[in-house]
$ cat run12.cif   # mmCIF, C-alpha atoms
data_input
#
loop_
_atom_site.group_PDB
_atom_site.id
_atom_site.type_symbol
_atom_site.label_atom_id
_atom_site.label_comp_id
_atom_site.auth_asym_id
_atom_site.auth_seq_id
_atom_site.Cartn_x
_atom_site.Cartn_y
_atom_site.Cartn_z
ATOM 1 C CA MET R 22 53.486 30.119 -33.268
ATOM 2 C CA ASN R 23 54.921 28.494 -30.137
ATOM 3 C CA THR R 24 52.598 30.020 -27.544
ATOM 4 C CA MET R 25 48.863 30.205 -26.830
ATOM 5 C CA HIS R 26 46.452 31.604 -24.273
ATOM 6 C CA ALA R 27 45.416 29.132 -21.583
ATOM 7 C CA VAL R 28 43.995 28.879 -18.095
ATOM 8 C CA ARG R 29 46.457 27.171 -15.761
ATOM 9 C CA GLY R 30 46.762 26.219 -12.113
ATOM 10 C CA HIS R 31 50.252 26.474 -10.659
ATOM 11 C CA ARG R 32 49.358 24.983 -7.296
ATOM 12 C CA ARG R 33 46.662 22.573 -6.227
ATOM 13 C CA GLY R 34 43.415 24.200 -5.140
ATOM 14 C CA GLY R 35 40.133 25.658 -6.306
ATOM 15 C CA PRO R 36 39.151 28.362 -8.800
ATOM 16 C CA GLU R 37 41.285 30.917 -6.954
ATOM 17 C CA GLN R 38 44.387 29.086 -8.229
ATOM 18 C CA LEU R 39 43.488 29.447 -11.910
ATOM 19 C CA THR R 40 45.191 32.109 -14.014
ATOM 20 C CA TYR R 41 44.591 33.202 -17.600
ATOM 21 C CA GLU R 42 48.033 33.518 -19.160
ATOM 22 C CA VAL R 43 50.318 32.820 -22.093
ATOM 23 C CA ALA R 44 51.561 29.232 -22.138
ATOM 24 C CA PRO R 45 53.596 26.994 -24.457
ATOM 25 C CA ARG R 46 51.580 25.574 -27.326
ATOM 26 C CA PRO R 47 51.659 21.746 -27.233
ATOM 27 C CA VAL R 48 52.842 19.582 -30.108
ATOM 28 C CA ALA R 49 51.082 16.417 -31.241
ATOM 29 C CA GLY R 50 53.075 13.282 -30.456
ATOM 30 C CA GLY R 51 52.714 9.800 -31.872
ATOM 31 C CA GLY R 52 49.061 8.753 -32.064
ATOM 32 C CA GLU R 53 47.891 12.238 -31.065
ATOM 33 C CA VAL R 54 46.209 15.170 -32.740
ATOM 34 C CA LEU R 55 46.533 18.845 -31.922
ATOM 35 C CA VAL R 56 43.070 20.360 -31.622
ATOM 36 C CA ALA R 57 42.301 24.053 -31.959
ATOM 37 C CA VAL R 58 39.742 24.266 -29.188
ATOM 38 C CA ARG R 59 36.541 26.118 -29.958
ATOM 39 C CA SER R 60 34.641 25.271 -26.755
ATOM 40 C CA ALA R 61 35.407 23.429 -23.519
ATOM 41 C CA SER R 62 33.099 22.223 -20.777
ATOM 42 C CA ILE R 63 33.712 21.998 -17.035
ATOM 43 C CA THR R 64 32.462 19.690 -14.298
ATOM 44 C CA LEU R 65 31.518 20.135 -10.637
ATOM 45 C CA GLY R 66 34.311 18.782 -8.425
ATOM 46 C CA GLU R 67 36.865 18.647 -11.248
ATOM 47 C CA LEU R 68 39.406 20.728 -9.344
ATOM 48 C CA ASP R 69 39.166 18.275 -6.436
ATOM 49 C CA TRP R 70 40.067 15.228 -8.526
ATOM 50 C CA ASP R 71 43.513 13.752 -7.925
ATOM 51 C CA ALA R 72 43.816 13.122 -11.661
ATOM 52 C CA THR R 73 43.455 16.833 -12.396
ATOM 53 C CA TRP R 74 46.696 17.550 -10.556
ATOM 54 C CA THR R 75 48.704 14.310 -10.672
ATOM 55 C CA ASP R 76 49.573 11.581 -13.152
ATOM 56 C CA ARG R 77 47.332 8.953 -11.543
ATOM 57 C CA LEU R 78 43.647 8.565 -10.723
ATOM 58 C CA ASP R 79 44.123 7.228 -7.200
ATOM 59 C CA GLY R 80 45.961 10.090 -5.510
ATOM 60 C CA ASP R 81 49.352 8.347 -5.344
ATOM 61 C CA GLY R 82 50.713 9.997 -8.457
ATOM 62 C CA SER R 83 53.305 12.705 -8.841
ATOM 63 C CA LEU R 84 52.152 16.310 -8.859
ATOM 64 C CA ARG R 85 52.172 17.814 -12.372
ATOM 65 C CA VAL R 86 51.884 21.591 -12.386
ATOM 66 C CA PRO R 87 51.093 23.897 -13.979
ATOM 67 C CA VAL R 88 47.964 22.115 -15.223
ATOM 68 C CA ILE R 89 45.263 23.089 -17.690
ATOM 69 C CA PRO R 90 41.763 22.008 -16.554
ATOM 70 C CA SER R 91 38.577 21.030 -18.448
ATOM 71 C CA LYS R 92 38.282 17.518 -19.880
ATOM 72 C CA GLU R 93 35.529 18.000 -22.475
ATOM 73 C CA MET R 94 36.064 19.831 -25.711
ATOM 74 C CA SER R 95 34.935 20.484 -29.251
ATOM 75 C CA GLY R 96 37.210 21.918 -31.895
ATOM 76 C CA VAL R 97 39.069 21.525 -35.155
ATOM 77 C CA VAL R 98 42.083 19.339 -35.898
ATOM 78 C CA ALA R 99 45.080 21.646 -36.385
ATOM 79 C CA GLU R 100 47.845 19.049 -36.669
ATOM 80 C CA VAL R 101 48.154 15.259 -36.760
ATOM 81 C CA GLY R 102 50.982 13.420 -35.077
ATOM 82 C CA PRO R 103 52.982 10.468 -36.395
ATOM 83 C CA GLY R 104 50.909 7.365 -37.045
ATOM 84 C CA VAL R 105 47.528 9.107 -37.166
ATOM 85 C CA THR R 106 45.533 8.181 -40.264
ATOM 86 C CA ASP R 107 41.911 8.572 -39.142
ATOM 87 C CA TRP R 108 41.900 12.377 -38.797
ATOM 88 C CA ALA R 109 42.997 15.199 -41.064
ATOM 89 C CA VAL R 110 43.635 18.895 -40.526
ATOM 90 C CA GLY R 111 40.310 20.735 -40.601
ATOM 91 C CA ASP R 112 38.172 17.881 -39.221
ATOM 92 C CA GLU R 113 35.667 18.960 -36.561
ATOM 93 C CA VAL R 114 35.968 16.682 -33.534
ATOM 94 C CA TYR R 115 34.800 16.379 -29.950
ATOM 95 C CA GLY R 116 35.677 14.168 -27.044
ATOM 96 C CA LEU R 117 36.637 13.441 -23.455
ATOM 97 C CA ILE R 118 40.315 14.025 -22.689
ATOM 98 C CA PRO R 119 41.951 11.392 -20.424
ATOM 99 C CA PHE R 120 41.857 12.744 -16.890
ATOM 100 C CA THR R 121 45.600 12.717 -16.190
ATOM 101 C CA ARG R 122 46.392 14.916 -19.216
ATOM 102 C CA ASP R 123 46.176 18.659 -19.624
ATOM 103 C CA GLY R 124 42.694 19.717 -20.618
ATOM 104 C CA ALA R 125 40.901 22.039 -22.987
ATOM 105 C CA ALA R 126 40.798 25.405 -21.209
ATOM 106 C CA ALA R 127 43.284 26.654 -23.778
ATOM 107 C CA GLU R 128 43.493 27.629 -27.422
ATOM 108 C CA PHE R 129 45.097 24.273 -28.265
ATOM 109 C CA THR R 130 45.237 20.828 -26.667
ATOM 110 C CA THR R 131 46.665 17.454 -27.659
ATOM 111 C CA VAL R 132 44.395 14.417 -27.485
ATOM 112 C CA PRO R 133 44.899 10.726 -28.324
ATOM 113 C CA ALA R 134 43.368 10.323 -31.781
ATOM 114 C CA ALA R 135 41.640 7.102 -30.762
ATOM 115 C CA VAL R 136 39.324 8.754 -28.219
ATOM 116 C CA LEU R 137 37.959 11.485 -30.501
ATOM 117 C CA ALA R 138 34.776 11.348 -32.572
ATOM 118 C CA ALA R 139 33.408 13.524 -35.335
ATOM 119 C CA LYS R 140 31.427 16.444 -33.944
ATOM 120 C CA PRO R 141 27.674 15.989 -34.505
ATOM 121 C CA PRO R 142 26.908 18.293 -37.459
ATOM 122 C CA SER R 143 23.667 19.541 -35.906
ATOM 123 C CA LEU R 144 25.421 20.843 -32.781
ATOM 124 C CA ASP R 145 27.468 23.995 -32.472
ATOM 125 C CA HIS R 146 30.773 23.700 -30.633
ATOM 126 C CA ASP R 147 29.293 24.949 -27.342
ATOM 127 C CA HIS R 148 26.682 22.189 -27.218
ATOM 128 C CA ALA R 149 29.062 19.532 -28.528
ATOM 129 C CA ALA R 150 31.510 20.347 -25.730
ATOM 130 C CA ALA R 151 28.722 19.887 -23.179
ATOM 131 C CA LEU R 152 28.167 16.258 -24.153
ATOM 132 C CA PRO R 153 31.245 13.996 -23.716
ATOM 133 C CA LEU R 154 31.730 13.525 -19.950
ATOM 134 C CA ALA R 155 28.106 13.576 -18.819
ATOM 135 C CA GLY R 156 26.909 11.776 -21.931
ATOM 136 C CA LEU R 157 29.484 9.007 -21.704
ATOM 137 C CA THR R 158 28.841 8.646 -17.972
ATOM 138 C CA ALA R 159 25.145 8.168 -18.650
ATOM 139 C CA TRP R 160 25.738 5.840 -21.622
ATOM 140 C CA GLN R 161 28.329 3.663 -19.899
ATOM 141 C CA GLY R 162 26.294 3.523 -16.698
ATOM 142 C CA LEU R 163 23.054 2.536 -18.383
ATOM 143 C CA VAL R 164 24.291 0.314 -21.205
ATOM 144 C CA ARG R 165 27.748 -1.051 -20.444
ATOM 145 C CA HIS R 166 27.391 -1.498 -16.691
ATOM 146 C CA GLY R 167 23.613 -1.552 -16.264
ATOM 147 C CA GLY R 168 22.667 -3.788 -19.183
ATOM 148 C CA LEU R 169 19.740 -1.583 -20.198
ATOM 149 C CA ARG R 170 17.433 -3.118 -22.824
ATOM 150 C CA PRO R 171 14.153 -2.087 -24.445
ATOM 151 C CA GLY R 172 11.417 -2.468 -21.874
ATOM 152 C CA SER R 173 13.710 -2.048 -18.856
ATOM 153 C CA ARG R 174 12.400 -0.093 -15.879
ATOM 154 C CA VAL R 175 15.028 2.449 -14.836
ATOM 155 C CA LEU R 176 15.269 4.825 -11.881
ATOM 156 C CA VAL R 177 17.592 7.796 -12.447
ATOM 157 C CA HIS R 178 18.537 9.774 -9.353
ATOM 158 C CA GLY R 179 19.151 13.459 -10.000
ATOM 159 C CA GLY R 180 17.161 13.557 -13.217
ATOM 160 C CA SER R 181 17.628 17.285 -13.795
ATOM 161 C CA GLY R 182 21.411 17.225 -13.327
ATOM 162 C CA GLY R 183 24.114 17.070 -15.967
ATOM 163 C CA VAL R 184 24.393 13.267 -16.036
ATOM 164 C CA GLY R 185 20.816 12.599 -14.997
ATOM 165 C CA SER R 186 19.193 14.720 -17.699
ATOM 166 C CA LEU R 187 21.150 12.892 -20.400
ATOM 167 C CA ALA R 188 20.491 9.513 -18.769
ATOM 168 C CA VAL R 189 16.736 10.164 -18.879
ATOM 169 C CA GLN R 190 16.926 10.986 -22.592
ATOM 170 C CA ILE R 191 19.179 8.017 -23.401
ATOM 171 C CA GLY R 192 16.990 5.598 -21.444
ATOM 172 C CA VAL R 193 13.856 6.781 -23.230
ATOM 173 C CA ALA R 194 15.598 6.669 -26.627
ATOM 174 C CA LEU R 195 16.638 3.058 -26.016
ATOM 175 C CA GLY R 196 13.097 1.981 -25.153
ATOM 176 C CA ALA R 197 13.216 1.978 -21.358
ATOM 177 C CA SER R 198 10.540 3.184 -18.974
ATOM 178 C CA VAL R 199 12.298 5.914 -16.987
ATOM 179 C CA ILE R 200 11.494 7.166 -13.503
ATOM 180 C CA ALA R 201 13.532 10.051 -12.104
ATOM 181 C CA THR R 202 13.987 11.882 -8.845
ATOM 182 C CA ALA R 203 14.167 15.673 -8.922
ATOM 183 C CA THR R 204 13.011 18.758 -7.065
ATOM 184 C CA ALA R 205 9.582 20.241 -7.673
ATOM 185 C CA GLU R 206 11.283 23.026 -9.616
ATOM 186 C CA GLY R 207 12.905 20.502 -11.923
ATOM 187 C CA ALA R 208 9.957 18.159 -12.357
ATOM 188 C CA ASP R 209 8.515 19.729 -15.500
ATOM 189 C CA PHE R 210 11.973 19.872 -17.055
ATOM 190 C CA VAL R 211 12.531 16.164 -16.423
ATOM 191 C CA ARG R 212 9.086 15.213 -17.723
ATOM 192 C CA ALA R 213 9.840 17.160 -20.888
ATOM 193 C CA LEU R 214 12.919 14.962 -21.324
ATOM 194 C CA GLY R 215 10.619 11.943 -21.488
ATOM 195 C CA ALA R 216 10.461 10.575 -17.938
ATOM 196 C CA ASP R 217 7.296 8.575 -17.259
ATOM 197 C CA GLN R 218 7.311 9.462 -13.565
ATOM 198 C CA VAL R 219 9.093 12.105 -11.469
ATOM 199 C CA VAL R 220 9.382 11.842 -7.692
ATOM 200 C CA ASP R 221 10.030 15.023 -5.700
ATOM 201 C CA TYR R 222 12.761 13.767 -3.373
ATOM 202 C CA ARG R 223 12.281 16.683 -0.977
ATOM 203 C CA LEU R 224 8.670 15.852 -0.234
ATOM 204 C CA GLN R 225 8.486 12.133 -0.961
ATOM 205 C CA ARG R 226 10.519 9.048 -0.225
ATOM 206 C CA PHE R 227 11.063 7.507 -3.623
ATOM 207 C CA GLU R 228 10.924 3.975 -2.218
ATOM 208 C CA ASP R 229 7.272 4.593 -1.297
ATOM 209 C CA HIS R 230 6.416 5.311 -4.950
ATOM 210 C CA VAL R 231 8.784 3.115 -6.961
ATOM 211 C CA ARG R 232 9.274 -0.645 -7.039
ATOM 212 C CA ASP R 233 10.555 -3.533 -9.171
ATOM 213 C CA VAL R 234 13.008 -1.568 -11.292
ATOM 214 C CA ASP R 235 15.659 -3.347 -13.340
ATOM 215 C CA LEU R 236 18.283 -0.650 -12.980
ATOM 216 C CA VAL R 237 19.064 2.264 -10.684
ATOM 217 C CA LEU R 238 21.529 4.915 -11.882
ATOM 218 C CA ASP R 239 22.814 6.688 -8.783
ATOM 219 C CA THR R 240 24.294 10.169 -9.253
ATOM 220 C CA VAL R 241 23.685 11.217 -5.619
ATOM 221 C CA GLY R 242 25.182 8.623 -3.269
ATOM 222 C CA GLY R 243 24.846 8.467 0.518
ATOM 223 C CA ASP R 244 21.455 7.620 1.988
ATOM 224 C CA THR R 245 19.841 7.818 -1.455
ATOM 225 C CA GLN R 246 22.085 5.026 -2.688
ATOM 226 C CA GLU R 247 21.441 2.835 0.339
ATOM 227 C CA ARG R 248 17.653 3.201 0.099
ATOM 228 C CA SER R 249 17.774 2.347 -3.596
ATOM 229 C CA TRP R 250 18.261 -1.359 -2.839
ATOM 230 C CA GLN R 251 14.610 -1.453 -1.744
ATOM 231 C CA VAL R 252 13.250 -0.641 -5.216
ATOM 232 C CA LEU R 253 15.294 -3.154 -7.233
ATOM 233 C CA ARG R 254 13.680 -6.315 -8.501
ATOM 234 C CA PRO R 255 15.550 -9.576 -7.818
ATOM 235 C CA GLY R 256 18.518 -9.616 -10.169
ATOM 236 C CA GLY R 257 18.402 -5.860 -10.682
ATOM 237 C CA VAL R 258 21.510 -3.661 -10.871
ATOM 238 C CA LEU R 259 22.468 -0.556 -8.889
ATOM 239 C CA VAL R 260 25.059 1.473 -10.800
ATOM 240 C CA SER R 261 26.717 4.391 -9.011
ATOM 241 C CA VAL R 262 28.995 7.115 -10.335
ATOM 242 C CA VAL R 263 29.467 8.515 -6.822
ATOM 243 C CA ALA R 264 30.687 5.761 -4.485
ATOM 244 C CA PRO R 265 30.953 1.951 -4.427
ATOM 245 C CA PRO R 266 27.650 0.333 -3.336
ATOM 246 C CA ASP R 267 27.461 -2.019 -0.350
ATOM 247 C CA ALA R 268 29.748 -4.923 -1.248
ATOM 248 C CA SER R 269 27.662 -7.352 0.808
ATOM 249 C CA LYS R 270 24.770 -7.010 -1.642
ATOM 250 C CA GLU R 271 24.655 -8.443 -5.141
ATOM 251 C CA GLY R 272 24.161 -6.243 -8.160
ATOM 252 C CA GLY R 273 26.143 -3.177 -7.111
ATOM 253 C CA VAL R 274 28.504 -1.485 -9.588
ATOM 254 C CA PHE R 275 30.712 1.589 -9.246
ATOM 255 C CA PHE R 276 32.639 2.996 -12.196
ATOM 256 C CA VAL R 277 34.598 6.003 -13.389
ATOM 257 C CA VAL R 278 33.772 7.164 -16.905
ATOM 258 C CA GLU R 279 36.387 6.497 -19.573
ATOM 259 C CA PRO R 280 37.125 8.188 -22.900
ATOM 260 C CA ASP R 281 35.272 6.136 -25.496
ATOM 261 C CA ARG R 282 34.994 6.851 -29.237
ATOM 262 C CA ALA R 283 32.369 4.139 -29.778
ATOM 263 C CA GLY R 284 30.245 5.608 -26.995
ATOM 264 C CA LEU R 285 30.554 9.101 -28.463
ATOM 265 C CA GLU R 286 29.444 7.761 -31.828
ATOM 266 C CA GLU R 287 26.359 6.233 -30.195
ATOM 267 C CA LEU R 288 25.588 9.593 -28.569
ATOM 268 C CA SER R 289 26.076 11.323 -31.922
ATOM 269 C CA ARG R 290 23.542 8.981 -33.530
ATOM 270 C CA LEU R 291 20.976 9.858 -30.867
ATOM 271 C CA VAL R 292 21.687 13.550 -31.421
ATOM 272 C CA ALA R 293 21.252 13.123 -35.186
ATOM 273 C CA ASP R 294 17.920 11.355 -34.604
ATOM 274 C CA GLY R 295 16.712 14.221 -32.411
ATOM 275 C CA ARG R 296 16.499 11.998 -29.341
ATOM 276 C CA LEU R 297 19.327 13.547 -27.337
ATOM 277 C CA VAL R 298 19.838 17.259 -26.671
ATOM 278 C CA PRO R 299 22.744 18.440 -24.472
ATOM 279 C CA ARG R 300 21.797 21.374 -22.271
ATOM 280 C CA VAL R 301 23.980 24.455 -21.798
ATOM 281 C CA ASP R 302 23.374 26.650 -18.754
ATOM 282 C CA ARG R 303 25.724 29.444 -19.811
ATOM 283 C CA VAL R 304 28.733 30.230 -21.971
ATOM 284 C CA VAL R 305 31.738 32.043 -20.461
ATOM 285 C CA PRO R 306 34.826 33.405 -22.285
ATOM 286 C CA LEU R 307 38.157 31.685 -21.652
ATOM 287 C CA GLU R 308 39.609 34.596 -19.700
ATOM 288 C CA LEU R 309 36.790 34.242 -17.133
ATOM 289 C CA ALA R 310 37.213 30.495 -16.639
ATOM 290 C CA ALA R 311 38.002 30.877 -12.926
ATOM 291 C CA ARG R 312 34.594 32.499 -12.433
ATOM 292 C CA ALA R 313 33.000 29.693 -14.414
ATOM 293 C CA TYR R 314 34.477 27.094 -12.045
ATOM 294 C CA ALA R 315 33.204 29.086 -9.044
ATOM 295 C CA ALA R 316 29.731 29.164 -10.627
ATOM 296 C CA LEU R 317 29.602 25.356 -10.620
ATOM 297 C CA GLU R 318 28.576 25.564 -6.966
ATOM 298 C CA GLU R 319 25.362 27.420 -7.803
ATOM 299 C CA ARG R 320 22.123 25.503 -7.275
ATOM 300 C CA HIS R 321 19.464 24.841 -9.887
ATOM 301 C CA ARG R 322 21.708 24.992 -12.926
ATOM 302 C CA ARG R 323 20.123 23.476 -16.022
ATOM 303 C CA GLY R 324 22.932 21.983 -18.034
ATOM 304 C CA LYS R 325 26.653 22.471 -18.408
ATOM 305 C CA ILE R 326 28.770 25.588 -18.048
ATOM 306 C CA VAL R 327 30.795 25.978 -21.233
ATOM 307 C CA ILE R 328 33.976 27.945 -21.836
ATOM 308 C CA GLU R 329 34.080 29.578 -25.256
ATOM 309 C CA VAL R 330 37.667 29.602 -26.453
ATOM 310 C CA SER R 331 37.351 30.960 -29.988
#
$ encode --input "run12.cif" --output "structure tokens"
Amino acid sequence: MNTMHAVRGHRRGGPEQLTYEVAPRPVAGGGEVLVAVRSASITLGELDWDATWTDRLDGDGSLRVPVIPSKEMSGVVAEVGPGVTDWAVGDEVYGLIPFTRDGAAAEFTTVPAAVLAAKPPSLDHDHAAALPLAGLTAWQGLVRHGGLRPGSRVLVHGGSGGVGSLAVQIGVALGASVIATATAEGADFVRALGADQVVDYRLQRFEDHVRDVDLVLDTVGGDTQERSWQVLRPGGVLVSVVAPPDASKEGGVFFVVEPDRAGLEELSRLVADGRLVPRVDRVVPLELAARAYAALEERHRRGKIVIEVS
């Protein structure tokens, strides 16, 4: 079988450029595995990323079309490439695909073996696919870049969003006291995730209700990021996944999430302990992936939109 069904973009653009079609089936190269994709997950803004369409993250790369989108997946190993000894055909795996590679909106995808982790047994493929990008963003932001420790006071902006909802759960699981911003509609949801305090950012200025936090995780940017300096204790850290913080102030960090097997394994342990639950807003069949990308613009989603491949 040399072909597969896939969703591809033949020119750079939005959901209107995506087509469900027959495409060549990839072959696992050295250090890679071929994964039979069961479920893939998509991210707001993904079709705007330079890395989705080129071979570099910074926009200076060469255009590579047609491309297959979706960087998060869960599936079954169908073939192992030369040099791969840690996976075998039939293993259930999940992971974040490097951004400059073709993604998982297809029946098969090739992934570097080193960035995959065993799928959490308690999760179905839909929920496993919803975890890698947002979960690793939250984990790396809080732990690797933010230095979160038991007893830390953490402010998570956008606590009901894809990254924020996982960050609240991870912070609580690791022994932090978590404060989150959200809308009134999302407040109960965020409290149920374990947040000690929720500030309605539409009606209240969070800096009037929060102070002396050790870590701010910024998933919003703009004015929200700038005002966040006021609530940090001396020596605190402001970590943003949106834009670099003011370079004239100490303690600001900006990062782009990276594929990370060790991080996935930490997330899997939290899932196994019942302390981390990925949220799925809806599941859409592969042939309707273009509609799924358009739906990312809808407000008040609770969790990820997942593409069911098989």
$ atom_distance --input "run12.cif" --atom1 "atom CA of Val114 of chain R" --atom2 "atom CA of Arg165 of chain R"
23.5 Å
$ residues_around --input "run12.cif" --residues "Leu176 of chain R" --least-positions-apart "2" --cutoff "12 Å" --atoms "only C-alpha atoms" --output "PyMOL selection string"
chain R and resi 163+167+169+173-174+178-180+185+188-189+192-193+197-203+216-220+227-228+230-240+245-246+249-254+257-261
$ residues_near_point --input "run12.cif" --point "(40.9, 23.6, -45.9)" --cutoff "12 Å" --atoms "all atoms listed in the file" --output "ChimeraX atom specification"
/R:97-99,109-113
$ closest_atom_pairs --input "run12.cif" --of "segment 214-322 of chain R" --to "segment 25-39 of chain R" --cutoff "7 Å" --atoms "all atoms listed in the file" --output "JSON lines"
{"residue": "R:Ala311", "atom": "CA", "partner": "R:Pro36", "partner_atom": "CA", "distance": 5.0}
{"residue": "R:Tyr314", "atom": "CA", "partner": "R:Pro36", "partner_atom": "CA", "distance": 5.8}
{"residue": "R:Ala315", "atom": "CA", "partner": "R:Pro36", "partner_atom": "CA", "distance": 6.0}
$ residues_around --input "run12.cif" --residues "Leu137 of chain R" --least-positions-apart "3" --cutoff "6 Å" --atoms "only C-alpha atoms" --output "PyMOL selection string"
chain R and resi 115-116+134+282
$ residues_around --input "run12.cif" --residues "Thr64 of chain R" --least-positions-apart "4" --cutoff "9 Å" --atoms "all atoms listed in the file" --output "PDB file with C-alpha atoms, in the frame of the given file"
ATOM      1  CA  LEU R  68      39.406  20.728  -9.344  1.00  0.00           C
ATOM      2  CA  SER R  91      38.577  21.030 -18.448  1.00  0.00           C
ATOM      3  CA  LYS R  92      38.282  17.518 -19.880  1.00  0.00           C
ATOM      4  CA  GLU R  93      35.529  18.000 -22.475  1.00  0.00           C
ATOM      5  CA  LEU R 154      31.730  13.525 -19.950  1.00  0.00           C
ATOM      6  CA  ALA R 155      28.106  13.576 -18.819  1.00  0.00           C
ATOM      7  CA  GLY R 183      24.114  17.070 -15.967  1.00  0.00           C
ATOM      8  CA  TYR R 314      34.477  27.094 -12.045  1.00  0.00           C
ATOM      9  CA  LEU R 317      29.602  25.356 -10.620  1.00  0.00           C
ATOM     10  CA  LYS R 325      26.653  22.471 -18.408  1.00  0.00           C
ATOM     11  CA  ILE R 326      28.770  25.588 -18.048  1.00  0.00           C
TER      12      ILE R 326
END
$ atom_distance --input "run12.cif" --atom1 "atom CA of Leu285 of chain R" --atom2 "atom CA of Val48 of chain R"
24.7 Å
$ atom_distance --input "run12.cif" --atom1 "atom CA of Phe275 of chain R" --atom2 "atom CA of Gly162 of chain R"
8.9 Å
$ closest_residue --input "run12.cif" --among "R:Pro119, R:Gly324, R:Gly104, R:Pro299" --to "Gly156 of chain R" --atoms "all atoms listed in the file"
R:Pro299
$ closest_residue --input "run12.cif" --among "R:Arg300, R:Gly215, R:Leu187, R:Leu55" --to "Thr158 of chain R" --atoms "only C-alpha atoms"
R:Leu187
$ residues_near_point --input "run12.cif" --point "(42.5, 8.0, -32.9)" --cutoff "10 Å" --atoms "all atoms listed in the file" --output "ChimeraX atom specification"
/R:52-54,101,104-108,132-138,282
$ closest_residue --input "run12.cif" --among "R:Gly102, R:Gly182, R:Glu247, R:Arg296" --to "Ser269 of chain R" --atoms "only C-alpha atoms"
R:Glu247
$ resolve_selection --input "run12.cif" --expression "the PyMOL selection byres ((chain R and resi 308) around 9)" --output "list in words"
His26, Ala27, Val28, Thr40, Tyr41, Glu42, Val305, Pro306, Leu307, Leu309, Ala310, Ala311, Ile328 and Val330 of chain R
$ write_last_selection --input "run12.cif" --atoms "C-alpha atoms" --output "PDB file, keeping the file's coordinate frame"
ATOM      1  CA  HIS R  26      46.452  31.604 -24.273  1.00  0.00           C
ATOM      2  CA  ALA R  27      45.416  29.132 -21.583  1.00  0.00           C
ATOM      3  CA  VAL R  28      43.995  28.879 -18.095  1.00  0.00           C
ATOM      4  CA  THR R  40      45.191  32.109 -14.014  1.00  0.00           C
ATOM      5  CA  TYR R  41      44.591  33.202 -17.600  1.00  0.00           C
ATOM      6  CA  GLU R  42      48.033  33.518 -19.160  1.00  0.00           C
ATOM      7  CA  VAL R 305      31.738  32.043 -20.461  1.00  0.00           C
ATOM      8  CA  PRO R 306      34.826  33.405 -22.285  1.00  0.00           C
ATOM      9  CA  LEU R 307      38.157  31.685 -21.652  1.00  0.00           C
ATOM     10  CA  LEU R 309      36.790  34.242 -17.133  1.00  0.00           C
ATOM     11  CA  ALA R 310      37.213  30.495 -16.639  1.00  0.00           C
ATOM     12  CA  ALA R 311      38.002  30.877 -12.926  1.00  0.00           C
ATOM     13  CA  ILE R 328      33.976  27.945 -21.836  1.00  0.00           C
ATOM     14  CA  VAL R 330      37.667  29.602 -26.453  1.00  0.00           C
TER      15      VAL R 330
END
$ resolve_selection --input "run12.cif" --expression "the PyMOL selection byres ((chain R and resi 130) around 9)" --output "list in words"
Arg46, Pro47, Val48, Ala49, Val54, Leu55, Val56, Ala57, Val58, Asp123, Gly124, Ala125, Ala126, Ala127, Glu128, Phe129, Thr131 and Val132 of chain R
$ decode --input "run12.cif" --residues "segment 254-262 of chain R" --atoms "N, CA, C and O atoms" --output "PDB file, in the first residue's frame"
ATOM      1  N   ARG R 254       6.360  38.691  43.053  1.00  0.00           N
ATOM      2  CA  ARG R 254       7.223  39.001  44.183  1.00  0.00           C
ATOM      3  C   ARG R 254       8.623  39.287  43.658  1.00  0.00           C
ATOM      4  O   ARG R 254       8.965  38.919  42.527  1.00  0.00           O
ATOM      5  N   PRO R 255       9.493  39.925  44.437  1.00  0.00           N
ATOM      6  CA  PRO R 255      10.881  40.092  44.010  1.00  0.00           C
ATOM      7  C   PRO R 255      11.519  38.730  43.727  1.00  0.00           C
ATOM      8  O   PRO R 255      11.409  37.806  44.523  1.00  0.00           O
ATOM      9  N   GLY R 256      12.133  38.613  42.572  1.00  0.00           N
ATOM     10  CA  GLY R 256      12.728  37.341  42.178  1.00  0.00           C
ATOM     11  C   GLY R 256      11.777  36.409  41.467  1.00  0.00           C
ATOM     12  O   GLY R 256      12.164  35.295  41.074  1.00  0.00           O
ATOM     13  N   GLY R 257      10.525  36.830  41.294  1.00  0.00           N
ATOM     14  CA  GLY R 257       9.550  35.997  40.602  1.00  0.00           C
ATOM     15  C   GLY R 257       9.816  35.937  39.108  1.00  0.00           C
ATOM     16  O   GLY R 257      10.618  36.703  38.556  1.00  0.00           O
ATOM     17  N   VAL R 258       9.109  35.016  38.422  1.00  0.00           N
ATOM     18  CA  VAL R 258       9.338  34.773  36.998  1.00  0.00           C
ATOM     19  C   VAL R 258       8.043  34.942  36.223  1.00  0.00           C
ATOM     20  O   VAL R 258       6.984  34.443  36.636  1.00  0.00           O
ATOM     21  N   LEU R 259       8.125  35.646  35.094  1.00  0.00           N
ATOM     22  CA  LEU R 259       6.994  35.785  34.176  1.00  0.00           C
ATOM     23  C   LEU R 259       7.337  34.990  32.918  1.00  0.00           C
ATOM     24  O   LEU R 259       8.266  35.343  32.197  1.00  0.00           O
ATOM     25  N   VAL R 260       6.610  33.905  32.693  1.00  0.00           N
ATOM     26  CA  VAL R 260       6.847  33.040  31.544  1.00  0.00           C
ATOM     27  C   VAL R 260       5.711  33.239  30.548  1.00  0.00           C
ATOM     28  O   VAL R 260       4.538  33.081  30.896  1.00  0.00           O
ATOM     29  N   SER R 261       6.064  33.572  29.307  1.00  0.00           N
ATOM     30  CA  SER R 261       5.049  33.791  28.278  1.00  0.00           C
ATOM     31  C   SER R 261       5.220  32.809  27.130  1.00  0.00           C
ATOM     32  O   SER R 261       6.340  32.510  26.708  1.00  0.00           O
ATOM     33  N   VAL R 262       4.085  32.331  26.628  1.00  0.00           N
ATOM     34  CA  VAL R 262       4.085  31.499  25.417  1.00  0.00           C
ATOM     35  C   VAL R 262       3.561  32.296  24.225  1.00  0.00           C
ATOM     36  O   VAL R 262       3.358  31.733  23.146  1.00  0.00           O
TER      37      VAL R 262
END
